[in-house]
Amino acid sequence: MSGVQHPADGGRPTGHVSSRSWWIYRGTGQPLADVRLGDVLPPPPGWRDFDGGPVLPPVPAESAETDRRLGAAGRATPRQDPHDIDMINTALLLRRPLLVTGRPGIGKSTLAYLVARELGLGRVLHWGITSRSTLRSGLYEYDAIGRAQASLGHGRPGAPVPARPTDGADGADDPGGAPRIGDFVRLGPLGTALLPYELPRVLLIDELDKSDIDLPNDLLHVLENGSYAIPELVRARHQEARARVFTDDPDGTATIADGLVRCRAFPFIVITSNGERQFPAPFLRRCVRLDVSAPREDQLAAMIAAHFRDQGGRHDAMIRAFVERSREHGGLATDQLLNAVFLRTAGVRDDDEAWGELLEALWRQLSGAP
């Protein structure tokens, strides 16, 4: 991410972030101490105020994925540029998606995990985009074949009954054991993020560049209105007005009334892009845009400290060599540096005969050229 700069220093990077009074997220990478986000987050603009309900229980705590990406909580984290923090807070306050662009491997997706950890927003929902991703796959999946098979098998001795998200409440369970339509619906990451939570869920939509050309436009209605319908549940609402379905969280369930989902707190959505394509203007208008640059040496050192407990600067020479190599070859990914540091900590020494060849293999340029 881009460096911390202060006007008084003539644009020179410094080691701390001067906090602005309006910031909710301050870029520390550490959980807020003795602060409840709901008490400090201002109400949304009227045109971004949603009224979905009933409010769902608190979300799952942050997962092992967060530690894997950031290192354990409490360790040093790379300092962010005040401009980056400005844009993150702008998206948070306006309840708009944050479109993060930059070359591959510089930590764009990490922003979602940093925000979730610092603000106590729990597990990050992750929608990895491929050329086959559709709006529906992000919202929900419906197993029509499974439901048909279960319906045909119902009532036969020994016929299997599908696992279902039951708790015996709100009409989601059938005492006779007949399969209900909600048993065959699973919400995707986007669909789960738009459930009526009291506080925003954090959703990472990763590498939108890879999507079919229509997906950004298909997202417009959902991102603008904070709601969507599940047609299969809408059609069955007279028989099953309240359907309990699976969510994208492990063992998570939610009850949907009349097949309609409407958020309460619009999720904090980080959309990453490698800058490989142009997005339509209507999509861009609905996003707050942030372009991040390659991390500086001090930020790389903080990243290594977070993952390896290195506070002594033992890898400074390697960091400088990595930055120089990255500059010469048009950009390397930060995990290429982490791989080299791991080998160093595993006992491979600079003076070993194989070390130079290992670095050549690890620090190969991302373009794929030899």
# chains A, B, ... in the order shown; residues from 1 in each chain; ligands from 1
$ residues_around --residues "Leu208 (chain A)" --least-positions-apart "3" --cutoff "7 Å" --atoms "only C-alpha atoms" --output "PyMOL selection string"
chain A and resi 129+205+211+271-273
$ residues_around --residues "region 223-238 of chain A" --least-positions-apart "5" --cutoff "8 Å" --atoms "only C-alpha atoms" --output "PyMOL selection string"
chain A and resi 50+97+140+142+181-182+194+243+257-263+266+286
$ write_last_selection --atoms "C-alpha atoms" --output "short mmCIF file (atom, residue, chain, number, x, y, z; two decimals), in the first residue's frame"
data_model
loop_
_atom_site.label_atom_id
_atom_site.label_comp_id
_atom_site.auth_asym_id
_atom_site.auth_seq_id
_atom_site.Cartn_x
_atom_site.Cartn_y
_atom_site.Cartn_z
CA PHE A 50 -32.02 0.75 4.76
CA PRO A 97 -18.36 -0.03 -2.16
CA TYR A 140 -27.53 -17.61 -3.64
CA TYR A 142 -30.71 -23.30 -5.31
CA ILE A 181 -37.62 -25.42 -0.12
CA GLY A 182 -35.36 -23.54 2.30
CA LEU A 194 -26.96 -8.16 2.54
CA ALA A 243 -37.90 -20.13 4.95
CA ALA A 257 -39.69 -13.88 4.74
CA ASP A 258 -41.60 -13.97 1.44
CA GLY A 259 -38.39 -14.64 -0.49
CA LEU A 260 -37.07 -11.08 -0.05
CA VAL A 261 -33.77 -9.98 1.51
CA ARG A 262 -33.07 -6.37 2.47
CA CYS A 263 -30.06 -5.18 4.38
CA PHE A 266 -25.12 -1.75 4.13
CA ARG A 286 -21.53 3.94 -7.25
#
$ select_by_dssp --residues "region 42-274 of chain A" --states "alpha helix (DSSP H)" --output "PyMOL selection string"
chain A and resi 64-70+82-94+110-119+135-139+144-153+189-193+215-218+220-225+231-235
$ residues_around --residues "region 330-342 of chain A" --least-positions-apart "4" --cutoff "9 Å" --atoms "only C-alpha atoms" --output "mmCIF file with N, CA, C and O atoms, in the first residue's frame"
data_model
loop_
_atom_site.group_PDB
_atom_site.id
_atom_site.type_symbol
_atom_site.label_atom_id
_atom_site.label_comp_id
_atom_site.auth_asym_id
_atom_site.auth_seq_id
_atom_site.Cartn_x
_atom_site.Cartn_y
_atom_site.Cartn_z
ATOM 1 N N ARG A 103 -1.524 -2.903 -9.074
ATOM 2 C CA ARG A 103 -0.949 -4.080 -9.699
ATOM 3 C C ARG A 103 -1.093 -5.298 -8.790
ATOM 4 O O ARG A 103 -1.280 -5.160 -7.570
ATOM 5 N N PRO A 104 -0.999 -6.493 -9.341
ATOM 6 C CA PRO A 104 -1.185 -7.705 -8.532
ATOM 7 C C PRO A 104 -0.158 -7.828 -7.416
ATOM 8 O O PRO A 104 0.994 -7.419 -7.562
ATOM 9 N N GLY A 105 -0.608 -8.387 -6.300
ATOM 10 C CA GLY A 105 0.306 -8.781 -5.246
ATOM 11 C C GLY A 105 0.752 -7.713 -4.280
ATOM 12 O O GLY A 105 1.708 -7.913 -3.528
ATOM 13 N N ILE A 106 0.075 -6.547 -4.240
ATOM 14 C CA ILE A 106 0.527 -5.487 -3.343
ATOM 15 C C ILE A 106 -0.379 -5.337 -2.119
ATOM 16 O O ILE A 106 -0.223 -4.397 -1.348
ATOM 17 N N GLY A 107 -1.342 -6.244 -1.938
ATOM 18 C CA GLY A 107 -2.126 -6.228 -0.711
ATOM 19 C C GLY A 107 -3.464 -5.539 -0.806
ATOM 20 O O GLY A 107 -3.987 -5.071 0.217
ATOM 21 N N ALA A 294 2.771 0.392 -4.651
ATOM 22 C CA ALA A 294 3.568 -0.668 -4.045
ATOM 23 C C ALA A 294 4.032 -0.260 -2.643
ATOM 24 O O ALA A 294 4.289 0.918 -2.376
ATOM 25 N N PRO A 295 4.136 -1.216 -1.720
ATOM 26 C CA PRO A 295 4.568 -0.896 -0.354
ATOM 27 C C PRO A 295 6.026 -0.449 -0.314
ATOM 28 O O PRO A 295 6.861 -0.895 -1.107
ATOM 29 N N LEU A 300 7.092 -3.072 4.222
ATOM 30 C CA LEU A 300 7.465 -4.466 4.054
ATOM 31 C C LEU A 300 8.087 -5.012 5.331
ATOM 32 O O LEU A 300 7.830 -6.171 5.717
ATOM 33 N N MET A 303 5.330 -5.783 7.677
ATOM 34 C CA MET A 303 4.638 -6.999 7.259
ATOM 35 C C MET A 303 5.413 -8.238 7.706
ATOM 36 O O MET A 303 4.831 -9.208 8.217
ATOM 37 N N ILE A 304 6.728 -8.210 7.539
ATOM 38 C CA ILE A 304 7.544 -9.340 7.968
ATOM 39 C C ILE A 304 7.481 -9.505 9.481
ATOM 40 O O ILE A 304 7.379 -10.623 10.004
ATOM 41 N N HIS A 307 4.360 -11.334 10.563
ATOM 42 C CA HIS A 307 4.289 -12.762 10.254
ATOM 43 C C HIS A 307 5.391 -13.579 10.921
ATOM 44 O O HIS A 307 5.200 -14.758 11.212
ATOM 45 N N PHE A 308 6.541 -12.930 11.195
ATOM 46 C CA PHE A 308 7.690 -13.693 11.685
ATOM 47 C C PHE A 308 8.204 -13.210 13.047
ATOM 48 O O PHE A 308 9.259 -13.666 13.492
ATOM 49 N N HIS A 315 16.172 -8.685 8.339
ATOM 50 C CA HIS A 315 15.924 -8.923 6.921
ATOM 51 C C HIS A 315 15.946 -7.632 6.110
ATOM 52 O O HIS A 315 15.446 -7.605 4.985
ATOM 53 N N MET A 318 17.581 -7.953 2.678
ATOM 54 C CA MET A 318 16.747 -8.665 1.730
ATOM 55 C C MET A 318 15.608 -7.788 1.239
ATOM 56 O O MET A 318 15.244 -7.821 0.061
ATOM 57 N N ILE A 319 15.048 -6.986 2.127
ATOM 58 C CA ILE A 319 13.954 -6.095 1.738
ATOM 59 C C ILE A 319 14.437 -5.098 0.695
ATOM 60 O O ILE A 319 13.778 -4.853 -0.320
ATOM 61 N N PHE A 322 14.814 -6.805 -2.547
ATOM 62 C CA PHE A 322 13.500 -7.102 -3.128
ATOM 63 C C PHE A 322 12.904 -5.864 -3.780
ATOM 64 O O PHE A 322 12.365 -5.934 -4.901
ATOM 65 N N VAL A 323 12.977 -4.729 -3.096
ATOM 66 C CA VAL A 323 12.430 -3.487 -3.654
ATOM 67 C C VAL A 323 13.139 -3.133 -4.953
ATOM 68 O O VAL A 323 12.511 -2.726 -5.945
ATOM 69 N N ARG A 325 14.734 -5.210 -6.977
ATOM 70 C CA ARG A 325 14.368 -6.203 -7.989
ATOM 71 C C ARG A 325 12.959 -5.935 -8.522
ATOM 72 O O ARG A 325 12.702 -6.036 -9.722
ATOM 73 N N SER A 326 12.054 -5.579 -7.629
ATOM 74 C CA SER A 326 10.689 -5.272 -8.035
ATOM 75 C C SER A 326 10.652 -4.078 -8.974
ATOM 76 O O SER A 326 9.919 -4.068 -9.970
ATOM 77 N N ALA A 346 14.068 -20.745 7.870
ATOM 78 C CA ALA A 346 14.133 -22.209 7.928
ATOM 79 C C ALA A 346 15.560 -22.716 7.894
ATOM 80 O O ALA A 346 15.786 -23.930 7.990
ATOM 81 N N GLY A 347 16.535 -21.805 7.736
ATOM 82 C CA GLY A 347 17.929 -22.216 7.821
ATOM 83 C C GLY A 347 18.733 -22.045 6.566
ATOM 84 O O GLY A 347 19.943 -22.290 6.574
ATOM 85 N N LEU A 358 17.780 -19.878 -5.681
ATOM 86 C CA LEU A 358 16.450 -19.864 -5.059
ATOM 87 C C LEU A 358 15.787 -18.500 -5.226
ATOM 88 O O LEU A 358 14.600 -18.403 -5.552
ATOM 89 N N LEU A 359 16.552 -17.432 -4.986
ATOM 90 C CA LEU A 359 15.980 -16.084 -5.131
ATOM 91 C C LEU A 359 15.572 -15.828 -6.576
ATOM 92 O O LEU A 359 14.532 -15.211 -6.835
ATOM 93 N N LEU A 362 12.302 -17.581 -6.933
ATOM 94 C CA LEU A 362 11.222 -16.999 -6.141
ATOM 95 C C LEU A 362 10.826 -15.611 -6.630
ATOM 96 O O LEU A 362 9.660 -15.225 -6.563
ATOM 97 N N TRP A 363 11.797 -14.858 -7.085
ATOM 98 C CA TRP A 363 11.556 -13.469 -7.461
ATOM 99 C C TRP A 363 11.433 -13.301 -8.974
ATOM 100 O O TRP A 363 11.827 -12.307 -9.553
ATOM 101 N N ARG A 364 10.868 -14.286 -9.597
ATOM 102 C CA ARG A 364 10.633 -14.196 -11.041
ATOM 103 C C ARG A 364 9.533 -13.184 -11.305
ATOM 104 O O ARG A 364 8.550 -13.106 -10.573
ATOM 105 N N GLN A 365 9.685 -12.372 -12.345
ATOM 106 C CA GLN A 365 8.725 -11.308 -12.610
ATOM 107 C C GLN A 365 7.338 -11.872 -12.916
ATOM 108 O O GLN A 365 7.194 -12.976 -13.442
ATOM 109 N N LEU A 366 6.309 -11.101 -12.566
ATOM 110 C CA LEU A 366 4.935 -11.588 -12.621
ATOM 111 C C LEU A 366 4.402 -11.677 -14.039
ATOM 112 O O LEU A 366 3.374 -12.309 -14.272
ATOM 113 N N SER A 367 5.066 -11.064 -14.986
ATOM 114 C CA SER A 367 4.574 -11.086 -16.364
ATOM 115 C C SER A 367 4.671 -12.468 -16.987
ATOM 116 O O SER A 367 4.070 -12.729 -18.021
#
$ atom_distance --atom1 "CA of Arg320 (chain A)" --atom2 "CA of Arg79 (chain A)"
17.9 Å
$ atom_distance --atom1 "CA of Ala301 (chain A)" --atom2 "CA of Arg314 (chain A)"
9.6 Å
$ atom_distance --atom1 "CA of Arg289 (chain A)" --atom2 "CA of Thr110 (chain A)"
15.9 Å
$ closest_residue --among "A:Val292, A:Cys287, A:Val40, A:Ala354" --to "Asn274 (chain A)" --atoms "only C-alpha atoms"
A:Val292
$ residues_around --residues "Arg20 (chain A)" --least-positions-apart "2" --cutoff "12 Å" --atoms "only C-alpha atoms" --output "list in words"
Val17, Ser18, Trp22, Trp23, Ile24, Tyr25, Arg26, Gly27, Pro82, His83, Ile85, Asp86 and Asn89 of chain A
$ write_last_selection --atoms "all heavy atoms" --output "compact mmCIF listing (two decimals), in the first residue's frame"
# COMPACT_ATOMS: atom_id res chain seq x y z
N VAL A 17 0.85 7.69 11.60
CA VAL A 17 -0.28 8.29 10.91
C VAL A 17 -0.90 9.33 11.82
O VAL A 17 -1.26 9.04 12.96
CB VAL A 17 -1.34 7.21 10.56
CG1 VAL A 17 -2.58 7.86 9.98
CG2 VAL A 17 -0.76 6.22 9.58
N SER A 18 -1.00 10.57 11.34
CA SER A 18 -1.67 11.60 12.11
C SER A 18 -3.17 11.44 11.90
O SER A 18 -3.67 11.64 10.81
CB SER A 18 -1.21 12.99 11.66
OG SER A 18 -1.43 13.17 10.29
N TRP A 22 -12.44 12.88 11.96
CA TRP A 22 -13.65 12.25 11.43
C TRP A 22 -13.45 10.77 11.12
O TRP A 22 -14.39 10.08 10.78
CB TRP A 22 -14.13 12.98 10.17
CG TRP A 22 -13.15 12.98 9.04
CD1 TRP A 22 -12.09 13.81 8.87
CD2 TRP A 22 -13.16 12.12 7.90
NE1 TRP A 22 -11.43 13.52 7.70
CE2 TRP A 22 -12.06 12.49 7.08
CE3 TRP A 22 -13.98 11.08 7.47
CZ2 TRP A 22 -11.76 11.85 5.88
CZ3 TRP A 22 -13.69 10.44 6.27
CH2 TRP A 22 -12.60 10.83 5.49
N TRP A 23 -12.23 10.27 11.26
CA TRP A 23 -11.96 8.87 10.96
C TRP A 23 -12.65 7.96 11.96
O TRP A 23 -12.60 8.16 13.17
CB TRP A 23 -10.47 8.59 11.00
CG TRP A 23 -9.69 9.06 9.80
CD1 TRP A 23 -10.18 9.63 8.67
CD2 TRP A 23 -8.27 9.02 9.65
NE1 TRP A 23 -9.16 9.94 7.81
CE2 TRP A 23 -7.98 9.57 8.38
CE3 TRP A 23 -7.23 8.58 10.46
CZ2 TRP A 23 -6.67 9.67 7.92
CZ3 TRP A 23 -5.93 8.68 9.99
CH2 TRP A 23 -5.66 9.23 8.73
N ILE A 24 -13.28 6.92 11.45
CA ILE A 24 -13.74 5.81 12.27
C ILE A 24 -12.67 4.72 12.24
O ILE A 24 -12.21 4.23 13.27
CB ILE A 24 -15.09 5.25 11.77
CG1 ILE A 24 -16.13 6.38 11.70
CG2 ILE A 24 -15.57 4.11 12.65
CD1 ILE A 24 -16.45 7.01 13.04
N TYR A 25 -12.27 4.34 11.04
CA TYR A 25 -11.15 3.43 10.85
C TYR A 25 -9.87 4.27 10.81
O TYR A 25 -9.76 5.22 10.05
CB TYR A 25 -11.32 2.66 9.54
CG TYR A 25 -10.12 1.86 9.12
CD1 TYR A 25 -9.80 0.67 9.76
CD2 TYR A 25 -9.29 2.30 8.09
CE1 TYR A 25 -8.69 -0.07 9.38
CE2 TYR A 25 -8.18 1.57 7.70
CZ TYR A 25 -7.89 0.39 8.35
OH TYR A 25 -6.78 -0.34 7.98
N ARG A 26 -8.88 3.90 11.65
CA ARG A 26 -7.67 4.71 11.80
C ARG A 26 -6.42 4.05 11.26
O ARG A 26 -5.32 4.58 11.39
CB ARG A 26 -7.49 5.10 13.27
CG ARG A 26 -8.66 5.95 13.76
CD ARG A 26 -8.53 6.33 15.22
NE ARG A 26 -9.68 7.16 15.60
CZ ARG A 26 -9.75 8.47 15.47
NH1 ARG A 26 -8.71 9.12 14.96
NH2 ARG A 26 -10.82 9.14 15.82
N GLY A 27 -6.56 2.87 10.69
CA GLY A 27 -5.42 2.25 10.04
C GLY A 27 -4.39 1.67 10.97
O GLY A 27 -3.24 1.45 10.57
N PRO A 82 -2.42 8.30 4.77
CA PRO A 82 -3.65 8.97 5.19
C PRO A 82 -4.69 9.07 4.08
O PRO A 82 -5.89 9.00 4.34
CB PRO A 82 -3.16 10.36 5.63
CG PRO A 82 -1.77 10.13 6.07
CD PRO A 82 -1.21 9.07 5.16
N HIS A 83 -4.24 9.22 2.83
CA HIS A 83 -5.20 9.27 1.73
C HIS A 83 -5.95 7.95 1.61
O HIS A 83 -7.16 7.94 1.37
CB HIS A 83 -4.49 9.59 0.42
CG HIS A 83 -5.38 9.48 -0.78
ND1 HIS A 83 -6.36 10.40 -1.07
CD2 HIS A 83 -5.47 8.52 -1.76
CE1 HIS A 83 -7.00 10.04 -2.17
NE2 HIS A 83 -6.49 8.90 -2.60
N ILE A 85 -6.56 5.87 4.03
CA ILE A 85 -7.49 5.81 5.16
C ILE A 85 -8.67 6.75 4.92
O ILE A 85 -9.81 6.44 5.28
CB ILE A 85 -6.76 6.13 6.48
CG1 ILE A 85 -5.58 5.18 6.68
CG2 ILE A 85 -7.72 6.02 7.66
CD1 ILE A 85 -4.74 5.49 7.91
N ASP A 86 -8.41 7.90 4.31
CA ASP A 86 -9.51 8.81 3.95
C ASP A 86 -10.54 8.09 3.07
O ASP A 86 -11.75 8.18 3.30
CB ASP A 86 -8.97 10.02 3.18
CG ASP A 86 -8.34 11.08 4.07
OD1 ASP A 86 -8.55 11.02 5.29
OD2 ASP A 86 -7.66 11.96 3.53
N ASN A 89 -12.55 5.40 4.96
CA ASN A 89 -13.58 5.99 5.80
C ASN A 89 -14.69 6.63 4.98
O ASN A 89 -15.85 6.61 5.39
CB ASN A 89 -12.95 7.04 6.74
CG ASN A 89 -12.29 6.41 7.95
OD1 ASN A 89 -12.95 6.02 8.90
ND2 ASN A 89 -10.97 6.31 7.91
